Amino acid sequence: MTNPQAMKPTDAFAELGRIRFTATDLRTALATVAGLAQQTIPGADDVSVTLVGAQGAHTAAFTGQRATAVDEWQYHQGHGPCLAAAAANITVSVPDLAGDGRWPHWAARAIDAGVHSSMSVGLPLHDSVSGAFNVYATKPHAFDDDAVILAETFAGYAAVAMANAHLYDSAASLADHTQAAMDSRAVIEQAKGIIMAERRCTDDEAFTILANVSQDSGRKLSDVAGALVASAVHPRYR
């Protein structure tokens with residue numbers, strides 16, 4: 001059933017603009033996009049967000065189980081309006097599933113689930129991932145021209161929101177790896193200092209000792225260094 005608490009497009013776009021990507025992960029951002037789309041587009045009963053990448057297509061956000069079921073039948077069959085929209089970055093409208101012959105097997109399953117009209121708007125995210133947000137209605141001809149235009153306008157905002165969320169998600173992952181590398185380097189330097197103090201050797205000689213232990217034991221250099229630092233801090237474990 002269409003959400004009775006309809007939201008003005010300007011309010012929805014303002015909500016999108018207030019998403020704090022530094023405090024919101026990609027999944028949460030996509031769920032926000034789907035929820036706002038459902039409340040904003042006249043006639044929308046269910047909304048989902050499809051992402052298509054190297055591992056195939058999946059539903060990244062949805063407002064109801066019916067949307068995920070209708071999406072999954074497309075992924076299983078390898079074709080359908082949301083996949084067509086994502087592949088070509090276009091809007092694919094199906095005003096009446098019962099009278100549309102492009103994807104008859106998918107349409108029959110969708111009708112059984114209670115969906116009678118749909119539109120999918122392509123969302124280009126970045127080089128390796130495309131997507132679409134999909135709007136489903138329980139009535140045929142639920143979306144007039146104004147609704148389609150609004151969906152396309154909304155999709156422009158949604159694409160920016162999702163691209164920014166994905167960018168932050170990637171940046172956060174990079175930051176995690178960078179921090180891990182910095183931590184690893186720091187513990188190696190500490191271990192070298194311990195060896196230099198105990199063996200009265202040079203920096204290069206201390207590193208060679210660590211490297212040899214790492215190679216002989218089959219452990220990472222950072223793990224060997226960490227164990228040495230830990231034993232120096234807690235000598236009873238030495």
# chains A, B, ... in the order shown; residues from 1 in each chain; ligands from 1
>>> residues_around(residues="range 67-78 of chain A", least_positions_apart="2", cutoff="7 Å", atoms="only C-alpha atoms", output="number ranges by chain")
A: 46-48, 57, 59, 62, 64-65, 80, 106, 110
>>> write_last_selection(atoms="C-alpha atoms", output="PDB file, in the first residue's frame")
ATOM      1  CA  ASP A  46       7.555  -0.442  -2.893  1.00  0.00           C
ATOM      2  CA  VAL A  47      11.036   0.760  -3.780  1.00  0.00           C
ATOM      3  CA  SER A  48      14.336  -1.057  -4.057  1.00  0.00           C
ATOM      4  CA  ALA A  57      23.313  -8.031  -9.217  1.00  0.00           C
ATOM      5  CA  THR A  59      19.274  -5.680  -3.922  1.00  0.00           C
ATOM      6  CA  PHE A  62      14.376  -2.114  -0.121  1.00  0.00           C
ATOM      7  CA  GLY A  64       9.340  -4.243   1.498  1.00  0.00           C
ATOM      8  CA  GLN A  65       9.803  -7.954   0.852  1.00  0.00           C
ATOM      9  CA  GLY A  80      14.105  -7.509 -16.554  1.00  0.00           C
ATOM     10  CA  TRP A 106       9.219 -12.136 -14.986  1.00  0.00           C
ATOM     11  CA  ALA A 110       5.584 -10.085 -10.467  1.00  0.00           C
TER      12      ALA A 110
END
>>> select_by_dssp(residues="range 56-180 of chain A", states="alpha helix (DSSP H)", output="PyMOL selection string")
chain A and resi 65-77+81-88+104-112+145-180
>>> select_by_dssp(residues="range 15-210 of chain A", states="strand (DSSP E or B)", output="JSON, numbers by chain")
{"A": [46, 47, 48, 49, 50, 51, 52, 53, 56, 57, 58, 59, 60, 61, 62, 91, 92, 93, 94, 117, 118, 119, 120, 121, 122, 123, 124, 125, 126, 129, 130, 131, 132, 133, 134, 135, 136, 137]}
>>> write_last_selection(atoms="C-alpha atoms", output="mmCIF file, in the first residue's frame")
data_model
loop_
_atom_site.group_PDB
_atom_site.id
_atom_site.type_symbol
_atom_site.label_atom_id
_atom_site.label_comp_id
_atom_site.auth_asym_id
_atom_site.auth_seq_id
_atom_site.Cartn_x
_atom_site.Cartn_y
_atom_site.Cartn_z
ATOM 1 C CA ASP A 46 7.555 -0.442 -2.893
ATOM 2 C CA VAL A 47 11.036 0.760 -3.780
ATOM 3 C CA SER A 48 14.336 -1.057 -4.057
ATOM 4 C CA VAL A 49 17.904 -0.214 -5.031
ATOM 5 C CA THR A 50 19.783 -2.592 -7.309
ATOM 6 C CA LEU A 51 23.569 -2.616 -7.541
ATOM 7 C CA VAL A 52 25.296 -4.488 -10.355
ATOM 8 C CA GLY A 53 28.998 -5.235 -10.059
ATOM 9 C CA GLY A 56 26.450 -9.863 -10.282
ATOM 10 C CA ALA A 57 23.313 -8.031 -9.217
ATOM 11 C CA HIS A 58 21.883 -7.728 -5.735
ATOM 12 C CA THR A 59 19.274 -5.680 -3.922
ATOM 13 C CA ALA A 60 21.165 -3.307 -1.652
ATOM 14 C CA ALA A 61 18.125 -1.596 -0.097
ATOM 15 C CA PHE A 62 14.376 -2.114 -0.121
ATOM 16 C CA THR A 91 14.553 4.817 -17.522
ATOM 17 C CA VAL A 92 12.525 1.677 -18.189
ATOM 18 C CA SER A 93 8.805 2.044 -17.595
ATOM 19 C CA VAL A 94 6.316 -0.825 -17.526
ATOM 20 C CA SER A 117 3.314 -1.468 -12.895
ATOM 21 C CA SER A 118 6.927 -0.447 -12.435
ATOM 22 C CA MET A 119 9.637 1.940 -13.451
ATOM 23 C CA SER A 120 13.378 1.594 -13.042
ATOM 24 C CA VAL A 121 15.814 4.488 -13.319
ATOM 25 C CA GLY A 122 19.452 3.787 -14.094
ATOM 26 C CA LEU A 123 22.034 5.072 -11.631
ATOM 27 C CA PRO A 124 25.649 5.259 -12.805
ATOM 28 C CA LEU A 125 27.762 4.968 -9.654
ATOM 29 C CA HIS A 126 31.363 4.490 -10.682
ATOM 30 C CA VAL A 129 29.370 -0.635 -10.376
ATOM 31 C CA SER A 130 26.088 0.403 -11.980
ATOM 32 C CA GLY A 131 22.663 0.430 -10.441
ATOM 33 C CA ALA A 132 19.007 1.311 -10.625
ATOM 34 C CA PHE A 133 16.309 2.301 -8.240
ATOM 35 C CA ASN A 134 13.094 0.522 -8.859
ATOM 36 C CA VAL A 135 9.591 1.726 -8.103
ATOM 37 C CA TYR A 136 6.733 -0.772 -7.955
ATOM 38 C CA ALA A 137 2.974 -0.246 -7.744
#
>>> atom_distance(atom1="CA of Pro42 in chain A", atom2="CA of Val115 in chain A")
15.4 Å
>>> closest_residue(among="A:Asp216, A:Asp112, A:Glu15, A:Glu189", to="Gln39 in chain A", atoms="only C-alpha atoms")
A:Glu15
>>> atom_distance(atom1="CA of Gly114 in chain A", atom2="CA of His141 in chain A")
13.7 Å
>>> closest_residue(among="A:Ile188, A:Ala230, A:His105, A:Ala142", to="Ala211 in chain A", atoms="only C-alpha atoms")
A:Ile188
